[in-house]
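Structure data (TSV, C-alpha atoms and all ligand atoms) from protein.tsv:
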chain	number	residue	atom	x	y	z
A	224	MET	CA	165.34	57.00	79.09
A	225	LYS	CA	161.85	57.93	80.20
A	226	VAL	CA	161.64	60.17	83.25
A	227	VAL	CA	158.92	58.84	85.54
A	228	LYS	CA	156.75	60.69	88.06
A	229	LYS	CA	159.02	59.73	90.97
A	230	ASP	CA	162.07	61.24	89.28
A	231	TYR	CA	160.23	64.53	88.91
A	232	ALA	CA	159.20	64.36	92.58
A	233	ASP	CA	162.87	63.86	93.52
A	234	LYS	CA	163.93	66.79	91.34
A	235	ARG	CA	161.24	68.90	92.93
A	236	ARG	CA	162.34	68.04	96.46
A	237	ARG	CA	165.89	68.98	95.56
A	238	MET	CA	164.69	72.22	93.95
A	239	VAL	CA	162.88	73.18	97.17
A	240	ASP	CA	165.81	72.27	99.43
A	241	GLU	CA	168.59	73.86	97.41
A	242	GLN	CA	167.03	76.77	95.55
A	243	ILE	CA	164.24	77.83	97.87
A	244	ARG	CA	164.69	76.76	101.50
A	245	GLY	CA	168.44	77.11	100.95
A	246	ARG	CA	167.99	80.77	99.98
A	247	GLY	CA	165.92	81.67	102.98
A	248	VAL	CA	162.25	81.10	102.13
A	249	ARG	CA	160.72	79.92	105.41
A	250	ASP	CA	156.93	79.92	104.98
A	251	GLU	CA	156.06	76.22	105.31
A	252	ARG	CA	152.89	76.55	103.26
A	253	VAL	CA	154.90	78.06	100.38
A	254	LEU	CA	157.53	75.31	100.61
A	255	GLN	CA	154.78	72.69	100.54
A	256	ALA	CA	153.07	74.29	97.56
A	257	MET	CA	156.37	74.44	95.64
A	258	GLU	CA	156.91	70.77	96.37
A	259	GLY	CA	153.36	69.90	95.35
A	260	VAL	CA	152.92	71.74	92.04
A	261	GLU	CA	154.34	69.78	89.09
A	262	ARG	CA	156.36	72.47	87.36
A	263	HIS	CA	157.27	70.13	84.47
A	264	ARG	CA	153.60	70.28	83.38
A	265	PHE	CA	153.85	74.05	82.86
A	266	VAL	CA	156.77	74.11	80.42
A	267	PRO	CA	156.81	73.15	76.72
A	268	GLU	CA	157.17	69.38	76.15
A	269	ARG	CA	160.75	69.62	74.86
A	270	MET	CA	161.84	71.50	78.01
A	271	LYS	CA	160.46	69.11	80.62
A	272	GLU	CA	163.94	67.96	81.55
A	273	CYS	CA	164.89	71.54	82.44
A	274	ALA	CA	161.75	72.26	84.45
A	275	TYR	CA	163.48	72.12	87.84
A	276	PHE	CA	166.55	74.12	86.83
A	277	ASP	CA	167.36	77.27	88.78
A	278	GLU	CA	166.20	79.60	86.02
A	279	ALA	CA	163.36	81.18	84.07
A	280	LEU	CA	162.44	79.26	80.88
A	281	SER	CA	160.93	80.33	77.60
A	282	ILE	CA	157.25	79.45	77.09
A	283	GLY	CA	156.92	80.97	73.59
A	284	GLU	CA	155.43	84.31	72.47
A	285	GLY	CA	158.58	85.97	73.88
A	286	GLN	CA	157.40	85.16	77.42
A	287	THR	CA	158.86	83.14	80.30
A	288	ILE	CA	157.89	81.00	83.27
A	289	SER	CA	159.67	82.65	86.22
A	290	GLN	CA	162.58	81.08	88.10
A	291	PRO	CA	161.30	78.77	90.90
A	292	TYR	CA	162.95	80.88	93.61
A	293	MET	CA	161.26	84.05	92.37
A	294	VAL	CA	157.85	82.31	92.38
A	295	ALA	CA	158.46	81.12	95.96
A	296	LEU	CA	159.79	84.48	97.16
A	297	MET	CA	156.84	86.39	95.68
A	298	SER	CA	154.40	83.87	97.13
A	299	GLU	CA	155.98	84.28	100.58
A	300	CYS	CA	155.88	88.08	100.30
A	301	LEU	CA	152.11	87.92	99.80
A	302	GLU	CA	151.73	86.60	103.40
A	303	LEU	CA	148.84	84.32	102.48
A	304	ARG	CA	146.92	82.41	105.15
A	305	GLY	CA	144.36	80.67	102.96
A	306	ASP	CA	141.23	82.84	102.92
A	307	GLU	CA	142.35	85.56	100.53
A	308	SER	CA	141.19	86.58	97.10
A	309	VAL	CA	144.20	87.18	94.83
A	310	LEU	CA	144.57	88.90	91.46
A	311	GLU	CA	147.52	87.90	89.30
A	312	VAL	CA	148.45	89.98	86.26
A	313	GLY	CA	150.36	87.87	83.69
A	314	THR	CA	149.21	84.24	83.78
A	315	GLY	CA	151.92	83.08	81.36
A	316	SER	CA	152.25	79.32	81.86
A	317	GLY	CA	149.83	79.29	84.81
A	318	TYR	CA	152.53	78.04	87.19
A	319	GLN	CA	152.49	80.96	89.64
A	320	ALA	CA	148.69	80.82	89.62
A	321	ALA	CA	148.79	77.10	90.51
A	322	VAL	CA	151.14	77.79	93.43
A	323	LEU	CA	148.87	80.61	94.63
A	324	SER	CA	145.81	78.39	94.36
A	325	CYS	CA	147.32	76.17	97.10
A	326	LEU	CA	147.81	79.20	99.36
A	327	ALA	CA	144.68	81.34	98.91
A	328	ARG	CA	140.91	80.98	98.55
A	329	GLU	CA	140.40	82.29	94.99
A	330	VAL	CA	142.88	83.31	92.31
A	331	TYR	CA	141.93	85.48	89.33
A	332	SER	CA	144.68	85.58	86.75
A	333	VAL	CA	144.66	87.85	83.69
A	334	GLU	CA	146.64	87.18	80.49
A	335	ARG	CA	146.70	89.35	77.37
A	336	VAL	CA	148.23	86.86	74.89
A	337	GLU	CA	145.35	84.73	73.65
A	338	ARG	CA	147.35	81.57	73.04
A	339	LEU	CA	148.84	81.64	76.54
A	340	PHE	CA	145.43	82.42	78.04
A	341	LEU	CA	143.79	79.44	76.28
A	342	GLN	CA	146.65	77.10	77.07
A	343	SER	CA	146.97	77.94	80.75
A	344	ARG	CA	143.21	77.88	81.29
A	345	GLU	CA	143.01	74.38	79.82
A	346	ARG	CA	146.11	73.22	81.69
A	347	LEU	CA	144.91	74.46	85.09
A	348	GLU	CA	141.50	72.90	84.52
A	349	MET	CA	143.03	69.59	83.48
A	350	LEU	CA	145.29	69.55	86.54
A	351	GLY	CA	142.32	70.24	88.81
A	352	TYR	CA	143.12	73.74	90.10
A	353	ARG	CA	139.48	74.62	90.63
A	354	ASN	CA	139.94	77.91	92.47
A	355	VAL	CA	141.94	79.55	89.65
A	356	HIS	CA	139.98	81.63	87.17
A	357	VAL	CA	141.93	82.63	84.07
A	358	VAL	CA	140.73	85.79	82.32
A	359	TYR	CA	141.65	87.10	78.85
A	360	GLY	CA	142.49	90.79	78.66
A	361	ASP	CA	144.66	93.67	79.76
A	362	GLY	CA	145.51	93.07	83.40
A	363	SER	CA	147.12	96.48	83.82
A	364	ARG	CA	143.53	97.61	84.30
A	365	GLY	CA	142.98	94.88	86.87
A	366	TYR	CA	139.81	92.82	86.80
A	367	GLU	CA	136.99	94.99	88.04
A	368	LYS	CA	134.42	92.21	88.17
A	369	GLU	CA	135.86	90.50	91.26
A	370	ALA	CA	137.53	93.56	92.88
A	371	PRO	CA	138.60	94.49	95.51
A	372	TYR	CA	141.35	91.95	96.21
A	373	ASP	CA	143.28	91.07	99.37
A	374	ARG	CA	146.42	90.62	97.31
A	375	ILE	CA	147.60	91.63	93.83
A	376	ILE	CA	150.68	90.17	92.16
A	377	VAL	CA	152.00	91.49	88.87
A	378	THR	CA	154.42	89.09	87.17
A	379	ALA	CA	155.47	91.51	84.42
A	380	ALA	CA	157.51	94.68	84.82
A	381	GLY	CA	156.34	98.27	84.42
A	382	SER	CA	157.71	101.76	84.95
A	383	LYS	CA	155.08	102.39	87.66
A	384	VAL	CA	152.25	100.63	89.45
A	385	PRO	CA	149.04	101.27	87.47
A	386	ASP	CA	146.54	103.36	89.50
A	387	LYS	CA	143.74	101.00	88.48
A	388	LEU	CA	145.50	98.17	90.30
A	389	LEU	CA	146.00	100.18	93.49
A	390	GLY	CA	142.33	101.07	93.31
A	391	GLN	CA	141.38	97.37	93.27
A	392	LEU	CA	143.46	96.54	96.37
A	393	LYS	CA	141.64	96.23	99.72
A	394	GLU	CA	142.60	98.30	102.75
A	395	GLY	CA	145.36	96.33	104.52
A	396	GLY	CA	146.12	94.48	101.28
A	397	ILE	CA	149.48	93.77	99.67
A	398	LEU	CA	150.49	94.42	96.04
A	399	LEU	CA	153.72	93.07	94.55
A	400	MET	CA	155.16	94.30	91.28
A	401	PRO	CA	158.54	94.59	89.54
A	402	VAL	CA	158.99	98.30	88.82
A	403	GLY	CA	161.82	99.84	86.81
A	404	GLY	CA	163.42	99.70	83.37
A	405	ALA	CA	163.44	96.97	80.74
A	406	PHE	CA	166.56	95.19	81.98
A	407	MET	CA	166.29	95.45	85.75
A	408	GLN	CA	163.57	96.25	88.23
A	409	LYS	CA	162.93	96.57	91.94
A	410	LEU	CA	160.43	94.09	93.25
A	411	LEU	CA	158.15	96.42	95.20
A	412	LYS	CA	155.96	95.27	98.05
A	413	ILE	CA	153.22	97.79	98.61
A	414	ARG	CA	150.84	97.82	101.54
A	415	LYS	CA	147.69	99.91	101.64
A	416	VAL	CA	147.30	101.24	105.17
A	417	LYS	CA	144.53	103.74	105.98
A	418	GLY	CA	144.37	104.72	102.34
A	419	LYS	CA	148.11	105.42	102.22
A	420	VAL	CA	150.62	103.41	100.24
A	421	LEU	CA	153.67	102.05	102.07
A	422	GLU	CA	156.41	100.77	99.81
A	423	GLU	CA	159.47	98.57	100.32
A	424	CYS	CA	161.95	97.02	97.90
A	425	VAL	CA	162.20	93.25	98.39
A	426	THR	CA	164.99	92.59	95.88
A	427	TYR	CA	166.17	93.37	92.37
A	428	CYS	CA	164.78	91.26	89.55
A	429	VAL	CA	164.32	90.92	85.78
A	430	PHE	CA	160.83	90.36	84.38
A	431	VAL	CA	159.37	90.63	80.89
A	432	GLY	CA	157.42	93.84	80.31
A	433	LEU	CA	153.83	94.59	81.17
A	434	VAL	CA	152.18	95.53	77.87
A	435	GLU	CA	149.23	97.85	78.23
A	436	GLY	CA	146.19	97.41	76.01
A	437	SER	CA	144.62	94.34	74.37
A	438	LYS	CA	141.80	93.47	72.01
A	439	ARG	CA	139.42	92.37	74.70
A	440	ASN	CA	139.00	94.77	77.66
B	501	LIG	N1	153.35	84.24	86.06
B	501	LIG	C1	153.82	83.58	84.85
B	501	LIG	C2	155.00	84.24	84.22
B	501	LIG	C3	154.67	85.58	83.69
B	501	LIG	S1	155.51	86.10	82.24
B	501	LIG	C4	154.10	82.11	85.07
B	501	LIG	O1	154.01	81.65	86.21
B	501	LIG	O2	154.39	81.43	84.09
B	501	LIG	C5	154.60	87.59	82.04
B	501	LIG	C6	153.25	87.40	81.42
B	501	LIG	O3	152.56	88.63	81.50
B	501	LIG	C7	153.30	87.03	79.94
B	501	LIG	O4	152.56	85.88	79.70
B	501	LIG	C8	152.68	88.26	79.25
B	501	LIG	O5	151.95	87.94	78.09
B	501	LIG	C9	151.77	88.78	80.35
B	501	LIG	N2	151.37	90.17	80.23
B	501	LIG	C10	152.11	91.23	79.82
B	501	LIG	N3	151.38	92.36	79.88
B	501	LIG	C11	150.15	92.00	80.33
B	501	LIG	C12	148.94	92.71	80.59
B	501	LIG	N4	148.84	94.03	80.40
B	501	LIG	N5	147.87	92.01	81.03
B	501	LIG	C13	147.94	90.68	81.22
B	501	LIG	N6	149.03	89.95	80.98
B	501	LIG	C14	150.13	90.61	80.55
Take the structure in the file and give it back as structure tokens.
Amino acid sequence: MKVVKKDYADKRRRMVDEQIRGRGVRDERVLQAMEGVERHRFVPERMKECAYFDEALSIGEGQTISQPYMVALMSECLELRGDESVLEVGTGSGYQAAVLSCLAREVYSVERVERLFLQSRERLEMLGYRNVHVVYGDGSRGYEKEAPYDRIIVTAAGSKVPDKLLGQLKEGGILLMPVGGAFMQKLLKIRKVKGKVLEECVTYCVFVGLVEGSKRN
């Protein structure tokens, strides 16, 4: 049986109620964005039926689209009001970038795997997310061209926050990154206040690794 647009909208509403609002995400703009962005368009064709499941899904190249709750939680942690410039490291499917594009002014998203970069750039363009700019390269070095940023979100895990990224964060800005080992990390929320770095652990999480270095930059 063919799943029509309305069925996906129903699944999405349920996803927001049960997985996201139900687990304590309260920012109305985030809840609205999660209800608006068609997650099934960001997963491989054969996985469309699983798009609204409470889990991360494989998108090929050994990479994943994060669990919906994690995308919502990270978006809420960024405390976006709508006029910010955001850097994302790890575009993957482009889903987190699409959610951020509903919450901020401009989103720059860097991806080091060429196939994922090309695919997500085309996808986001086709779906009309005009304020997302997908960049090919090593995001562990940030993206100097549009720096500094109000917010930086790293959606891959590393053993520490790269200095280059901290350097591209504005005073008063927030940086989020999973930091730890390969199998479990702390999701760190870092605030730059008067040049100092204040750090808190939001939760524990499991992300694929941040790989440093690429052919391009
Ligand atoms: N935010 C994504 C999920 C990220 S999965 C989504 O919404 O679908 C992590 C991604 O980070 C993968 O696509 C991986 O290729 C990418 N990545 C890993 N190291 C990177 C680096 N140094 N620079 C840019 N992207 C990187």
>> Any residue with an atom at most 7 Å from ligand LIG 501 (chain B) counts, using only C-alpha atoms and all ligand atoms. Which are they? Put them as a PyMOL selection string.
In response: chain A and resi 286-289+312-320+333-336+339+360-363+378-379+431-436
>> To one decimal place in Å, what is the distance between CA of Cys273 (chain A) and CA of Gly403 (chain A)?
In response: 28.8 Å
>> Applying 9 Å and all atoms listed in the file, which residues near Tyr292 (chain A) remain after dropping the ones on its own chain fewer than 5 positions away? List them as a list in words.
In response: Met238, Val239, Gln242, Ile243, Arg246, Val248, Asp277, Glu278 and Met297 of chain A
> Counting all atoms listed in the file, which of A:Glu241, A:Met270, A:Gln342, A:Arg252 gets nearest to Ala327 (chain A)?
Replying inline: A:Arg252
>> Which residues are close to region 383-394 of chain A, i.e. within 12 Å by only C-alpha atoms, leaving aside same-chain residues fewer than 5 positions away? Reply as a ChimeraX atom specification.
In response: /A:307-312,361-378,399-404,408-422,432-435
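CA of Glu284 (chain A) to CA of Leu301 (chain A) spans 27.8 Å [interatomic distance, one decimal].
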> Between A:Arg328, A:His356, A:Arg244, A:Arg264, which has the minimum distance to Gly305 (chain A) (counting all atoms listed in the file)?
Replying inline: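 Checking each candidate against Gly305 (chain A), we get A:Arg328 as the closest.
Across the model, the gap from CA of Thr426 (chain A) to CA of Leu326 (chain A) is 22.1 Å.
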>> Which polymer residues, whether protein, DNA or RNA, lie within 9 Å of the coordinate (160.9, 72.1, 88.6) when you count only C-alpha atoms? List them as a PyMOL selection string, using the chain letters and numbers from the file.
In response: chain A and resi 231-232+234-236+238-239+257-258+260-263+271-277+291
> Which of these residues is nearest to Asn354 (chain A), using all atoms listed in the file: A:Glu423, A:Asp306, A:Asp233, A:Glu329?
Replying inline: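 Looking only at the distances to Asn354 (chain A), the closest residue turns out to be A:Glu329.
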>> Between A:Gly381, A:Gly259, A:Gly351, A:Gly395, which residue has the minimum interatomic distance to Met407 (chain A), considering all atoms listed in the file?
In response: A:Gly381
Is it possible to add N, CA, C and O atoms to region 288-300 of chain A and hand it back as a PDB file, keeping the file's coordinate frame?
ATOM      1  N   ILE A 288     158.375  81.481  81.967  1.00  0.00           N
ATOM      2  CA  ILE A 288     157.890  81.000  83.270  1.00  0.00           C
ATOM      3  C   ILE A 288     159.005  81.416  84.232  1.00  0.00           C
ATOM      4  O   ILE A 288     160.189  81.174  83.967  1.00  0.00           O
ATOM      5  N   SER A 289     158.651  82.091  85.327  1.00  0.00           N
ATOM      6  CA  SER A 289     159.670  82.650  86.220  1.00  0.00           C
ATOM      7  C   SER A 289     160.496  81.552  86.886  1.00  0.00           C
ATOM      8  O   SER A 289     160.057  80.410  87.019  1.00  0.00           O
ATOM      9  N   GLN A 290     161.677  81.965  87.344  1.00  0.00           N
ATOM     10  CA  GLN A 290     162.580  81.080  88.100  1.00  0.00           C
ATOM     11  C   GLN A 290     161.835  80.587  89.364  1.00  0.00           C
ATOM     12  O   GLN A 290     161.135  81.363  90.008  1.00  0.00           O
ATOM     13  N   PRO A 291     162.010  79.306  89.726  1.00  0.00           N
ATOM     14  CA  PRO A 291     161.300  78.770  90.900  1.00  0.00           C
ATOM     15  C   PRO A 291     161.478  79.628  92.154  1.00  0.00           C
ATOM     16  O   PRO A 291     160.508  79.913  92.869  1.00  0.00           O
ATOM     17  N   TYR A 292     162.706  80.070  92.411  1.00  0.00           N
ATOM     18  CA  TYR A 292     162.950  80.880  93.610  1.00  0.00           C
ATOM     19  C   TYR A 292     162.125  82.152  93.618  1.00  0.00           C
ATOM     20  O   TYR A 292     161.578  82.561  94.642  1.00  0.00           O
ATOM     21  N   MET A 293     162.018  82.793  92.453  1.00  0.00           N
ATOM     22  CA  MET A 293     161.260  84.050  92.370  1.00  0.00           C
ATOM     23  C   MET A 293     159.767  83.785  92.648  1.00  0.00           C
ATOM     24  O   MET A 293     159.106  84.574  93.324  1.00  0.00           O
ATOM     25  N   VAL A 294     159.258  82.665  92.126  1.00  0.00           N
ATOM     26  CA  VAL A 294     157.850  82.310  92.380  1.00  0.00           C
ATOM     27  C   VAL A 294     157.641  82.098  93.882  1.00  0.00           C
ATOM     28  O   VAL A 294     156.662  82.589  94.473  1.00  0.00           O
ATOM     29  N   ALA A 295     158.577  81.399  94.524  1.00  0.00           N
ATOM     30  CA  ALA A 295     158.460  81.120  95.960  1.00  0.00           C
ATOM     31  C   ALA A 295     158.584  82.406  96.782  1.00  0.00           C
ATOM     32  O   ALA A 295     157.797  82.652  97.698  1.00  0.00           O
ATOM     33  N   LEU A 296     159.566  83.236  96.420  1.00  0.00           N
ATOM     34  CA  LEU A 296     159.790  84.480  97.160  1.00  0.00           C
ATOM     35  C   LEU A 296     158.555  85.382  97.065  1.00  0.00           C
ATOM     36  O   LEU A 296     158.077  85.933  98.059  1.00  0.00           O
ATOM     37  N   MET A 297     158.020  85.523  95.860  1.00  0.00           N
ATOM     38  CA  MET A 297     156.840  86.390  95.680  1.00  0.00           C
ATOM     39  C   MET A 297     155.649  85.812  96.439  1.00  0.00           C
ATOM     40  O   MET A 297     154.891  86.548  97.069  1.00  0.00           O
ATOM     41  N   SER A 298     155.517  84.491  96.407  1.00  0.00           N
ATOM     42  CA  SER A 298     154.400  83.870  97.130  1.00  0.00           C
ATOM     43  C   SER A 298     154.543  84.135  98.622  1.00  0.00           C
ATOM     44  O   SER A 298     153.558  84.452  99.299  1.00  0.00           O
ATOM     45  N   GLU A 299     155.760  84.037  99.148  1.00  0.00           N
ATOM     46  CA  GLU A 299     155.980  84.280 100.580  1.00  0.00           C
ATOM     47  C   GLU A 299     155.666  85.743 100.926  1.00  0.00           C
ATOM     48  O   GLU A 299     155.053  86.030 101.948  1.00  0.00           O
ATOM     49  N   CYS A 300     156.100  86.647 100.052  1.00  0.00           N
ATOM     50  CA  CYS A 300     155.880  88.080 100.300  1.00  0.00           C
ATOM     51  C   CYS A 300     154.393  88.438 100.380  1.00  0.00           C
ATOM     52  O   CYS A 300     154.031  89.472 100.937  1.00  0.00           O
TER      53      CYS A 300
END
